[in-house]
>>> print(open('model.pdb').read())   # PDB, C-alpha atoms
ATOM      1  CA  MET A  68     -23.588 -11.524   1.603
ATOM      2  CA  GLN A  69     -23.501 -14.143  -1.221
ATOM      3  CA  PRO A  70     -19.944 -14.521  -2.578
ATOM      4  CA  LEU A  71     -19.760 -12.994  -6.051
ATOM      5  CA  HIS A  72     -18.083 -14.730  -8.988
ATOM      6  CA  LEU A  73     -16.785 -12.995 -12.112
ATOM      7  CA  ASP A  74     -20.086 -13.876 -13.824
ATOM      8  CA  ASP A  75     -22.042 -11.951 -11.174
ATOM      9  CA  LEU A  76     -20.167  -8.667 -11.623
ATOM     10  CA  ALA A  77     -20.942  -5.750 -13.924
ATOM     11  CA  VAL A  78     -19.086  -2.565 -14.754
ATOM     12  CA  GLY A  79     -20.562   0.236 -12.639
ATOM     13  CA  GLN A  80     -21.428  -2.064  -9.723
ATOM     14  CA  ARG A  81     -20.763  -0.329  -6.397
ATOM     15  CA  PHE A  82     -20.015  -1.344  -2.819
ATOM     16  CA  THR A  83     -19.974   0.811   0.322
ATOM     17  CA  SER A  84     -18.160  -0.097   3.540
ATOM     18  CA  ARG A  85     -19.102   0.618   7.118
ATOM     19  CA  PRO A  86     -17.480   3.705   8.671
ATOM     20  CA  SER A  87     -14.326   3.214  10.735
ATOM     21  CA  GLU A  88     -12.766   5.812  13.049
ATOM     22  CA  LEU A  89      -9.065   6.054  13.803
ATOM     23  CA  ASN A  90      -7.423   7.867  16.678
ATOM     24  CA  ALA A  91      -3.999   9.308  17.536
ATOM     25  CA  GLN A  92      -2.995   6.229  19.534
ATOM     26  CA  ALA A  93      -3.597   3.891  16.586
ATOM     27  CA  ILE A  94      -1.793   6.298  14.220
ATOM     28  CA  LYS A  95       1.294   6.343  16.458
ATOM     29  CA  ALA A  96       1.248   2.573  17.065
ATOM     30  CA  PHE A  97       1.160   1.788  13.333
ATOM     31  CA  ALA A  98       3.847   4.371  12.588
ATOM     32  CA  GLY A  99       6.091   3.077  15.377
ATOM     33  CA  GLN A 100       6.054  -0.332  13.737
ATOM     34  CA  PHE A 101       6.082   0.521  10.024
ATOM     35  CA  ASP A 102       6.655   4.239   9.317
ATOM     36  CA  PRO A 103       8.612   5.815  12.185
ATOM     37  CA  GLN A 104       8.758   9.413  10.962
ATOM     38  CA  PRO A 105       8.172  12.415  13.283
ATOM     39  CA  PHE A 106       4.962  13.643  11.553
ATOM     40  CA  HIS A 107       3.306  10.250  12.231
ATOM     41  CA  LEU A 108       4.572   9.912  15.815
ATOM     42  CA  ASP A 109       4.551  13.250  17.594
ATOM     43  CA  GLU A 110       2.065  16.147  17.563
ATOM     44  CA  ALA A 111       4.648  18.936  18.037
ATOM     45  CA  ALA A 112       7.007  17.614  15.354
ATOM     46  CA  ALA A 113       4.012  17.141  13.033
ATOM     47  CA  GLU A 114       2.928  20.777  13.528
ATOM     48  CA  ALA A 115       6.293  21.941  12.214
ATOM     49  CA  SER A 116       6.226  19.559   9.217
ATOM     50  CA  LEU A 117       4.735  19.641   5.729
ATOM     51  CA  PHE A 118       1.605  18.007   7.232
ATOM     52  CA  GLY A 119       0.942  20.820   9.739
ATOM     53  CA  GLY A 120      -0.334  18.340  12.347
ATOM     54  CA  LEU A 121      -0.350  14.639  13.202
ATOM     55  CA  ALA A 122      -1.116  12.552  10.102
ATOM     56  CA  ALA A 123      -1.531   8.789   9.645
ATOM     57  CA  SER A 124       1.006   6.932   7.532
ATOM     58  CA  GLY A 125      -0.406   6.446   4.028
ATOM     59  CA  TRP A 126       0.216   2.722   4.597
ATOM     60  CA  HIS A 127      -2.047   2.867   7.638
ATOM     61  CA  THR A 128      -4.793   4.427   5.510
ATOM     62  CA  ALA A 129      -4.147   1.711   2.881
ATOM     63  CA  ALA A 130      -4.275  -1.110   5.465
ATOM     64  CA  LEU A 131      -7.529   0.209   6.991
ATOM     65  CA  THR A 132      -8.966   0.531   3.497
ATOM     66  CA  MET A 133      -8.152  -3.145   2.898
ATOM     67  CA  ARG A 134      -9.987  -4.105   6.098
ATOM     68  CA  LEU A 135     -13.080  -2.209   4.923
ATOM     69  CA  LEU A 136     -12.799  -3.678   1.397
ATOM     70  CA  VAL A 137     -12.633  -7.253   2.690
ATOM     71  CA  GLU A 138     -15.824  -6.592   4.675
ATOM     72  CA  SER A 139     -17.724  -4.785   1.928
ATOM     73  CA  VAL A 140     -16.791  -6.483  -1.371
ATOM     74  CA  PRO A 141     -17.876 -10.157  -1.108
ATOM     75  CA  LEU A 142     -15.791 -11.728  -3.881
ATOM     76  CA  ALA A 143     -15.722 -15.520  -4.147
ATOM     77  CA  GLY A 144     -12.143 -16.536  -3.380
ATOM     78  CA  GLY A 145     -11.500 -13.338  -1.419
ATOM     79  CA  VAL A 146     -10.034  -9.942  -2.257
ATOM     80  CA  ILE A 147      -6.740 -10.872  -3.958
ATOM     81  CA  GLY A 148      -4.788  -8.019  -5.563
ATOM     82  CA  ALA A 149      -2.247  -8.538  -8.329
ATOM     83  CA  GLY A 150      -1.305  -4.869  -8.417
ATOM     84  CA  VAL A 151      -2.567  -1.443  -7.363
ATOM     85  CA  GLU A 152      -2.185   2.260  -7.982
ATOM     86  CA  LEU A 153      -2.571   4.492  -4.953
ATOM     87  CA  ALA A 154      -2.729   8.220  -4.342
ATOM     88  CA  TRP A 155      -3.167  10.087  -1.078
ATOM     89  CA  PRO A 156      -4.740  13.462  -1.971
ATOM     90  CA  ARG A 157      -4.844  14.604   1.698
ATOM     91  CA  PRO A 158      -3.711  13.237   5.068
ATOM     92  CA  THR A 159      -5.809  11.071   7.384
ATOM     93  CA  ARG A 160      -6.043  12.804  10.785
ATOM     94  CA  PRO A 161      -6.788  11.617  14.342
ATOM     95  CA  GLY A 162     -10.571  11.351  14.760
ATOM     96  CA  ASP A 163     -11.229  10.877  11.039
ATOM     97  CA  VAL A 164     -14.045   8.460  10.237
ATOM     98  CA  LEU A 165     -13.258   6.621   7.010
ATOM     99  CA  THR A 166     -15.647   4.963   4.561
ATOM    100  CA  VAL A 167     -14.631   3.116   1.393
ATOM    101  CA  GLU A 168     -16.757   3.418  -1.742
ATOM    102  CA  SER A 169     -15.769   0.968  -4.513
ATOM    103  CA  GLU A 170     -16.810   0.634  -8.136
ATOM    104  CA  VAL A 171     -16.095  -2.083 -10.721
ATOM    105  CA  ILE A 172     -14.560  -0.251 -13.685
ATOM    106  CA  GLU A 173     -13.353  -3.155 -15.858
ATOM    107  CA  ILE A 174     -13.924  -6.926 -16.183
ATOM    108  CA  VAL A 175     -11.451  -9.118 -18.066
ATOM    109  CA  PRO A 176     -11.994 -12.910 -18.336
ATOM    110  CA  SER A 177      -8.676 -14.777 -18.532
ATOM    111  CA  ARG A 178      -7.823 -16.124 -21.994
ATOM    112  CA  SER A 179      -5.558 -18.890 -20.730
ATOM    113  CA  ARG A 180      -7.516 -19.883 -17.583
ATOM    114  CA  PRO A 181     -11.264 -20.359 -18.087
ATOM    115  CA  ASP A 182     -11.826 -20.691 -14.322
ATOM    116  CA  ARG A 183     -11.004 -17.044 -13.513
ATOM    117  CA  GLY A 184     -10.562 -13.468 -14.653
ATOM    118  CA  THR A 185      -9.518 -10.092 -13.323
ATOM    119  CA  ILE A 186     -11.463  -6.966 -12.494
ATOM    120  CA  LYS A 187     -10.355  -3.404 -11.921
ATOM    121  CA  LEU A 188     -11.890  -1.973  -8.780
ATOM    122  CA  ARG A 189     -11.627   1.746  -8.038
ATOM    123  CA  SER A 190     -11.894   2.430  -4.312
ATOM    124  CA  GLU A 191     -12.164   5.879  -2.806
ATOM    125  CA  THR A 192     -11.501   6.176   0.923
ATOM    126  CA  ARG A 193     -13.275   9.263   2.251
ATOM    127  CA  ASN A 194     -13.236  11.065   5.577
ATOM    128  CA  GLN A 195     -16.313  12.262   7.495
ATOM    129  CA  GLU A 196     -16.476  15.378   5.305
ATOM    130  CA  GLY A 197     -16.706  13.219   2.170
ATOM    131  CA  LEU A 198     -13.200  14.246   1.063
ATOM    132  CA  PRO A 199     -10.934  11.547  -0.404
ATOM    133  CA  VAL A 200      -7.864  10.596   1.667
ATOM    134  CA  GLN A 201      -6.946   7.725  -0.677
ATOM    135  CA  VAL A 202      -7.840   6.766  -4.232
ATOM    136  CA  MET A 203      -6.874   3.249  -5.269
ATOM    137  CA  THR A 204      -7.303   1.273  -8.451
ATOM    138  CA  ALA A 205      -6.694  -2.435  -7.860
ATOM    139  CA  ARG A 206      -6.470  -5.337 -10.275
ATOM    140  CA  LEU A 207      -8.150  -8.274  -8.524
ATOM    141  CA  VAL A 208      -8.267 -11.986  -9.391
ATOM    142  CA  VAL A 209     -11.859 -13.344  -9.332
ATOM    143  CA  PRO A 210     -12.981 -16.959  -9.951
ATOM    144  CA  ARG A 211     -15.695 -17.775 -12.487
ATOM    145  CA  ARG A 212     -18.800 -19.723 -11.557
ATOM    146  CA  LEU A 213     -18.112 -23.303 -12.657
ATOM    147  CA  PRO A 214     -20.621 -25.779 -14.093
ATOM    148  CA  ALA A 215     -21.993 -28.185 -11.439
ATOM    149  CA  GLY A 216     -19.527 -30.986 -10.667
ATOM    150  CA  GLU A 217     -16.405 -28.956 -11.414
ATOM    151  CA  GLU A 218     -16.084 -27.168  -8.093
ATOM    152  CA  GLY A 219     -12.664 -28.767  -7.515
ATOM    153  CA  GLY A 220     -11.146 -26.370 -10.036
ATOM    154  CA  SER A 221     -12.240 -23.227  -8.249
ATOM    155  CA  VAL A 222      -9.697 -20.747  -6.874
ATOM    156  CA  ARG A 223     -10.314 -21.797  -3.270
TER     157      ARG A 223
ATOM    158  CA  MET B 125      23.567   9.234   7.107
ATOM    159  CA  GLN B 126      23.488  12.899   5.940
ATOM    160  CA  PRO B 127      19.929  13.913   4.925
ATOM    161  CA  LEU B 128      19.767  14.256   1.134
ATOM    162  CA  HIS B 129      18.113  17.210  -0.608
ATOM    163  CA  LEU B 130      16.840  17.206  -4.183
ATOM    164  CA  ASP B 131      20.140  18.805  -5.228
ATOM    165  CA  ASP B 132      22.092  15.824  -3.828
ATOM    166  CA  LEU B 133      20.223  13.181  -5.836
ATOM    167  CA  ALA B 134      21.032  11.743  -9.261
ATOM    168  CA  VAL B 135      19.175   9.374 -11.546
ATOM    169  CA  GLY B 136      20.649   5.892 -11.050
ATOM    170  CA  GLN B 137      21.498   6.482  -7.378
ATOM    171  CA  ARG B 138      20.802   3.353  -5.313
ATOM    172  CA  PHE B 139      20.025   2.508  -1.689
ATOM    173  CA  THR B 140      19.965  -0.910  -0.005
ATOM    174  CA  SER B 141      18.135  -1.657   3.234
ATOM    175  CA  ARG B 142      19.070  -4.029   6.033
ATOM    176  CA  PRO B 143      17.433  -7.477   5.871
ATOM    177  CA  SER B 144      14.253  -8.042   7.897
ATOM    178  CA  GLU B 145      12.677 -11.439   8.648
ATOM    179  CA  LEU B 146       8.987 -12.013   9.168
ATOM    180  CA  ASN B 147       7.335 -14.993  10.792
ATOM    181  CA  ALA B 148       3.908 -16.669  10.827
ATOM    182  CA  GLN B 149       2.887 -14.952  14.061
ATOM    183  CA  ALA B 150       3.508 -11.472  12.624
ATOM    184  CA  ILE B 151       1.722 -12.420   9.376
ATOM    185  CA  LYS B 152      -1.379 -13.535  11.292
ATOM    186  CA  ALA B 153      -1.345 -10.537  13.652
ATOM    187  CA  PHE B 154      -1.234  -8.042  10.779
ATOM    188  CA  ALA B 155      -3.917  -9.933   8.853
ATOM    189  CA  GLY B 156      -6.177 -10.156  11.903
ATOM    190  CA  GLN B 157      -6.140  -6.378  12.140
ATOM    191  CA  PHE B 158      -6.148  -5.318   8.477
ATOM    192  CA  ASP B 159      -6.705  -8.208   6.044
ATOM    193  CA  PRO B 160      -8.669 -10.984   7.774
ATOM    194  CA  GLN B 161      -8.805 -13.540   4.959
ATOM    195  CA  PRO B 162      -8.244 -17.306   5.522
ATOM    196  CA  PHE B 163      -5.026 -17.540   3.439
ATOM    197  CA  HIS B 164      -3.376 -14.891   5.672
ATOM    198  CA  LEU B 165      -4.663 -16.337   8.970
ATOM    199  CA  ASP B 166      -4.653 -20.119   8.901
ATOM    200  CA  GLU B 167      -2.162 -22.645   7.478
ATOM    201  CA  ALA B 168      -4.731 -25.304   6.530
ATOM    202  CA  ALA B 169      -7.077 -22.841   4.802
ATOM    203  CA  ALA B 170      -4.077 -21.302   3.025
ATOM    204  CA  GLU B 171      -2.971 -24.716   1.693
ATOM    205  CA  ALA B 172      -6.343 -25.105  -0.022
ATOM    206  CA  SER B 173      -6.264 -21.562  -1.485
ATOM    207  CA  LEU B 174      -4.748 -19.951  -4.577
ATOM    208  CA  PHE B 175      -1.636 -19.251  -2.445
ATOM    209  CA  GLY B 176      -0.984 -22.936  -1.610
ATOM    210  CA  GLY B 177       0.281 -22.036   1.868
ATOM    211  CA  LEU B 178       0.293 -19.214   4.423
ATOM    212  CA  ALA B 179       1.064 -15.879   2.735
ATOM    213  CA  ALA B 180       1.486 -12.376   4.163
ATOM    214  CA  SER B 181      -1.046  -9.712   3.196
ATOM    215  CA  GLY B 182       0.382  -7.591   0.383
ATOM    216  CA  TRP B 183      -0.238  -4.615   2.684
ATOM    217  CA  HIS B 184       1.999  -6.213   5.295
ATOM    218  CA  THR B 185       4.761  -6.547   2.694
ATOM    219  CA  ALA B 186       4.139  -2.902   1.716
ATOM    220  CA  ALA B 187       4.246  -1.685   5.338
ATOM    221  CA  LEU B 188       7.490  -3.598   6.046
ATOM    222  CA  THR B 189       8.954  -2.176   2.852
ATOM    223  CA  MET B 190       8.131   1.321   4.106
ATOM    224  CA  ARG B 191       9.945   0.620   7.378
ATOM    225  CA  LEU B 192      13.055  -0.486   5.457
ATOM    226  CA  LEU B 193      12.782   2.520   3.086
ATOM    227  CA  VAL B 194      12.608   5.011   5.961
ATOM    228  CA  GLU B 195      15.785   3.476   7.384
ATOM    229  CA  SER B 196      17.703   3.226   4.113
ATOM    230  CA  VAL B 197      16.782   6.305   2.053
ATOM    231  CA  PRO B 198      17.862   9.391   4.060
ATOM    232  CA  LEU B 199      15.794  12.104   2.386
ATOM    233  CA  ALA B 200      15.717  15.548   4.008
ATOM    234  CA  GLY B 201      12.136  16.081   5.127
ATOM    235  CA  GLY B 202      11.488  12.320   5.298
ATOM    236  CA  VAL B 203      10.024   9.764   2.910
ATOM    237  CA  ILE B 204       6.741  11.407   1.858
ATOM    238  CA  GLY B 205       4.817   9.696  -0.934
ATOM    239  CA  ALA B 206       2.299  11.506  -3.120
ATOM    240  CA  GLY B 207       1.349   8.354  -4.991
ATOM    241  CA  VAL B 208       2.610   4.845  -5.722
ATOM    242  CA  GLU B 209       2.238   1.900  -8.065
ATOM    243  CA  LEU B 210       2.611  -1.526  -6.501
ATOM    244  CA  ALA B 211       2.760  -5.079  -7.778
ATOM    245  CA  TRP B 212       3.189  -8.301  -5.837
ATOM    246  CA  PRO B 213       4.767 -10.812  -8.232
ATOM    247  CA  ARG B 214       4.862 -13.593  -5.601
ATOM    248  CA  PRO B 215       3.700 -14.037  -1.991
ATOM    249  CA  THR B 216       5.772 -13.270   1.100
ATOM    250  CA  ARG B 217       5.991 -16.443   3.233
ATOM    251  CA  PRO B 218       6.722 -17.142   6.912
ATOM    252  CA  GLY B 219      10.494 -17.114   7.439
ATOM    253  CA  ASP B 220      11.178 -14.898   4.430
ATOM    254  CA  VAL B 221      13.998 -12.400   4.912
ATOM    255  CA  LEU B 222      13.230  -9.212   2.980
ATOM    256  CA  THR B 223      15.622  -6.583   1.660
ATOM    257  CA  VAL B 224      14.629  -3.420  -0.214
ATOM    258  CA  GLU B 225      16.770  -2.170  -3.091
ATOM    259  CA  SER B 226      15.796   1.323  -4.323
ATOM    260  CA  GLU B 227      16.858   3.372  -7.334
ATOM    261  CA  VAL B 228      16.163   7.001  -8.269
ATOM    262  CA  ILE B 229      14.645   6.838 -11.763
ATOM    263  CA  GLU B 230      13.452  10.447 -12.247
ATOM    264  CA  ILE B 231      14.011  13.891 -10.700
ATOM    265  CA  VAL B 232      11.537  16.722 -11.294
ATOM    266  CA  PRO B 233      12.078  20.168  -9.684
ATOM    267  CA  SER B 234       8.763  21.897  -8.972
ATOM    268  CA  ARG B 235       7.930  24.755 -11.329
ATOM    269  CA  SER B 236       5.640  26.561  -8.901
ATOM    270  CA  ARG B 237       7.587  25.905  -5.662
ATOM    271  CA  PRO B 238      11.319  26.564  -5.862
ATOM    272  CA  ASP B 239      11.874  25.026  -2.410
ATOM    273  CA  ARG B 240      11.063  21.449  -3.474
ATOM    274  CA  GLY B 241      10.637  18.872  -6.213
ATOM    275  CA  THR B 242       9.590  15.280  -6.699
ATOM    276  CA  ILE B 243      11.531  12.136  -7.464
ATOM    277  CA  LYS B 244      10.431   8.742  -8.712
ATOM    278  CA  LEU B 245      11.950   5.973  -6.653
ATOM    279  CA  ARG B 246      11.677   2.357  -7.808
ATOM    280  CA  SER B 247      11.923  -0.048  -4.880
ATOM    281  CA  GLU B 248      12.183  -3.793  -5.244
ATOM    282  CA  THR B 249      11.495  -5.865  -2.138
ATOM    283  CA  ARG B 250      13.263  -9.218  -2.458
ATOM    284  CA  ASN B 251      13.213 -12.400  -0.433
ATOM    285  CA  GLN B 252      16.288 -14.385   0.684
ATOM    286  CA  GLU B 253      16.458 -16.038  -2.748
ATOM    287  CA  GLY B 254      16.715 -12.641  -4.416
ATOM    288  CA  LEU B 255      13.219 -12.981  -5.924
ATOM    289  CA  PRO B 256      10.951  -9.909  -5.901
ATOM    290  CA  VAL B 257       7.864 -10.086  -3.658
ATOM    291  CA  GLN B 258       6.958  -6.429  -4.308
ATOM    292  CA  VAL B 259       7.875  -3.876  -6.945
ATOM    293  CA  MET B 260       6.906  -0.296  -6.144
ATOM    294  CA  THR B 261       7.354   2.979  -7.963
ATOM    295  CA  ALA B 262       6.737   5.937  -5.647
ATOM    296  CA  ARG B 263       6.523   9.644  -6.342
ATOM    297  CA  LEU B 264       8.198  11.362  -3.375
ATOM    298  CA  VAL B 265       8.312  15.025  -2.334
ATOM    299  CA  VAL B 266      11.900  16.177  -1.597
ATOM    300  CA  PRO B 267      13.027  19.640  -0.380
ATOM    301  CA  ARG B 268      15.753  21.573  -2.182
ATOM    302  CA  ARG B 269      18.842  22.810  -0.407
ATOM    303  CA  LEU B 270      18.185  26.499   0.336
ATOM    304  CA  PRO B 271      20.703  29.331   0.307
ATOM    305  CA  ALA B 272      22.039  30.169   3.800
ATOM    306  CA  GLY B 273      19.573  32.293   5.785
ATOM    307  CA  GLU B 274      16.455  30.902   4.103
ATOM    308  CA  GLU B 275      16.079  27.738   6.159
ATOM    309  CA  GLY B 276      12.651  28.879   7.395
ATOM    310  CA  GLY B 277      11.178  28.042   4.008
ATOM    311  CA  SER B 278      12.246  24.409   4.037
ATOM    312  CA  VAL B 279       9.708  21.583   4.028
ATOM    313  CA  ARG B 280      10.274  20.769   7.686
TER     314      ARG B 280
END
>>> encode(input="model.pdb", output="structure tokens")
Amino acid sequence: MQPLHLDDLAVGQRFTSRPSELNAQAIKAFAGQFDPQPFHLDEAAAEASLFGGLAASGWHTAALTMRLLVESVPLAGGVIGAGVELAWPRPTRPGDVLTVESEVIEIVPSRSRPDRGTIKLRSETRNQEGLPVQVMTARLVVPRRLPAGEEGGSVR
Amino acid sequence: MQPLHLDDLAVGQRFTSRPSELNAQAIKAFAGQFDPQPFHLDEAAAEASLFGGLAASGWHTAALTMRLLVESVPLAGGVIGAGVELAWPRPTRPGDVLTVESEVIEIVPSRSRPDRGTIKLRSETRNQEGLPVQVMTARLVVPRRLPAGEEGGSVR
């Protein structure tokens, strides 16, 4: 994939990730380290909870989404977020196969820094039934394509 | 810590986490799994990047923040987020010692479900210099304290 600069992007442009499956072992390992709550760690406790069964930490879903974004959205300079909004409309379950579908919804060249701009990228993380488990809108920093001979000023 | 129900919370109530240090090895391990970009994986590549040195993935900072939240905010039913807004005003660096300071900024009883409500919790994750590396506002689901004999209807 050719790295994309701000100049190469257009509102409505879309990117689709590969599918990625997660299992109960990975859910429990992530939760043990970062979100040690019974409904992310133990099937029986999860059954009796609001989730009605083992569910991945939302931060696990978010981290996996990032992995799939980095692989599927080839931005020059990398995928660098300044801020995000996240919602988790339903839990991610053991055996779910996630795919991330992203769309450029806004492009804003920087007024003060001619070498870059920001975009808003809306990314929907869906399970194997096509149902969203996470909806994220991220503001990303993207370098502009520089005239020949000025590469030293690029973001990377 | 006594678990807190919606009825026990007040706007302005604050919670402070223990400090937690993260090192270069943990930064690279997380990035290798979830955010494999050069500025999170390699010191030399990071020096030449926008970050000017090795920086933790924002999702690593978010996941560590969740760990500290779970330990410091004793909500009945657990810390269950419906949605969040996140910003990363500056990078988390190797050797940073993070603390999370949280404040209840809104309390909304549910109209349709008398057994619960939502709160907005604003959590600032600060480094050892007191500077914010993450600012998050989360909408959390919190059970109400039920009259004696109705415990079966609680969230957990």
>>> resolve_selection(input="model.pdb", expression="the ChimeraX specification (/A :<10) & /B", output="ChimeraX atom specification")
/B:154-163,169-176,181-184,186-195,201-214,258-263,265,278-280
>>> atom_distance(input="model.pdb", atom1="atom CA of Arg81 of chain A", atom2="atom CA of Pro141 of chain A")
11.5 Å
>>> resolve_selection(input="model.pdb", expression="the PyMOL selection byres ((chain A and resi 71-76) around 10)", output="MDAnalysis selection string")
chainID A and resid 68:70 77:81 140:145 171 173:176 182:186 208:213
>>> write_last_selection(input="model.pdb", atoms="C-alpha atoms", output="JSON list (two decimals), keeping the file's coordinate frame")
[["chain", "number", "residue", "atom", "x", "y", "z"],
["A", 68, "MET", "CA", -23.59, -11.52, 1.60],
["A", 69, "GLN", "CA", -23.50, -14.14, -1.22],
["A", 70, "PRO", "CA", -19.94, -14.52, -2.58],
["A", 77, "ALA", "CA", -20.94, -5.75, -13.92],
["A", 78, "VAL", "CA", -19.09, -2.56, -14.75],
["A", 79, "GLY", "CA", -20.56, 0.24, -12.64],
["A", 80, "GLN", "CA", -21.43, -2.06, -9.72],
["A", 81, "ARG", "CA", -20.76, -0.33, -6.40],
["A", 140, "VAL", "CA", -16.79, -6.48, -1.37],
["A", 141, "PRO", "CA", -17.88, -10.16, -1.11],
["A", 142, "LEU", "CA", -15.79, -11.73, -3.88],
["A", 143, "ALA", "CA", -15.72, -15.52, -4.15],
["A", 144, "GLY", "CA", -12.14, -16.54, -3.38],
["A", 145, "GLY", "CA", -11.50, -13.34, -1.42],
["A", 171, "VAL", "CA", -16.10, -2.08, -10.72],
["A", 173, "GLU", "CA", -13.35, -3.16, -15.86],
["A", 174, "ILE", "CA", -13.92, -6.93, -16.18],
["A", 175, "VAL", "CA", -11.45, -9.12, -18.07],
["A", 176, "PRO", "CA", -11.99, -12.91, -18.34],
["A", 182, "ASP", "CA", -11.83, -20.69, -14.32],
["A", 183, "ARG", "CA", -11.00, -17.04, -13.51],
["A", 184, "GLY", "CA", -10.56, -13.47, -14.65],
["A", 185, "THR", "CA", -9.52, -10.09, -13.32],
["A", 186, "ILE", "CA", -11.46, -6.97, -12.49],
["A", 208, "VAL", "CA", -8.27, -11.99, -9.39],
["A", 209, "VAL", "CA", -11.86, -13.34, -9.33],
["A", 210, "PRO", "CA", -12.98, -16.96, -9.95],
["A", 211, "ARG", "CA", -15.70, -17.77, -12.49],
["A", 212, "ARG", "CA", -18.80, -19.72, -11.56],
["A", 213, "LEU", "CA", -18.11, -23.30, -12.66]]
>>> atom_distance(input="model.pdb", atom1="atom CA of Arg235 of chain B", atom2="atom CA of Ala123 of chain A")
28.0 Å
>>> resolve_selection(input="model.pdb", expression="the PyMOL selection byres ((chain A and resi 82) around 6)", output="ChimeraX atom specification")
/A:81,83,168-169
>>> atom_distance(input="model.pdb", atom1="atom CA of Leu146 of chain B", atom2="atom CA of Ser196 of chain B")
18.3 Å
>>> residues_around(input="model.pdb", residues="Gly162 of chain A", least_positions_apart="4", cutoff="8 Å", atoms="only C-alpha atoms", output="MDAnalysis selection string")
chainID A and resid 88:91
>>> decode(input="model.pdb", residues="segment 73-91 of chain A", atoms="C-alpha atoms", output="mmCIF file, in the first residue's frame")
data_model
loop_
_atom_site.group_PDB
_atom_site.id
_atom_site.type_symbol
_atom_site.label_atom_id
_atom_site.label_comp_id
_atom_site.auth_asym_id
_atom_site.auth_seq_id
_atom_site.Cartn_x
_atom_site.Cartn_y
_atom_site.Cartn_z
ATOM 1 C CA LEU A 73 -3.448 14.626 3.280
ATOM 2 C CA ASP A 74 -3.503 15.600 -0.414
ATOM 3 C CA ASP A 75 -4.392 12.024 -1.404
ATOM 4 C CA LEU A 76 -7.469 11.762 0.823
ATOM 5 C CA ALA A 77 -11.087 12.590 0.034
ATOM 6 C CA VAL A 78 -14.221 12.699 2.143
ATOM 7 C CA GLY A 79 -16.090 9.421 1.635
ATOM 8 C CA GLN A 80 -12.910 7.389 1.081
ATOM 9 C CA ARG A 81 -13.195 3.967 2.732
ATOM 10 C CA PHE A 82 -10.843 1.313 4.081
ATOM 11 C CA THR A 83 -11.627 -2.256 5.158
ATOM 12 C CA SER A 84 -9.442 -4.342 7.470
ATOM 13 C CA ARG A 85 -8.794 -8.054 7.468
ATOM 14 C CA PRO A 86 -10.940 -10.110 9.863
ATOM 15 C CA SER A 87 -9.496 -10.954 13.275
ATOM 16 C CA GLU A 88 -10.905 -13.535 15.702
ATOM 17 C CA LEU A 89 -10.600 -13.319 19.468
ATOM 18 C CA ASN A 90 -11.067 -16.105 21.971
ATOM 19 C CA ALA A 91 -11.845 -16.478 25.685
#
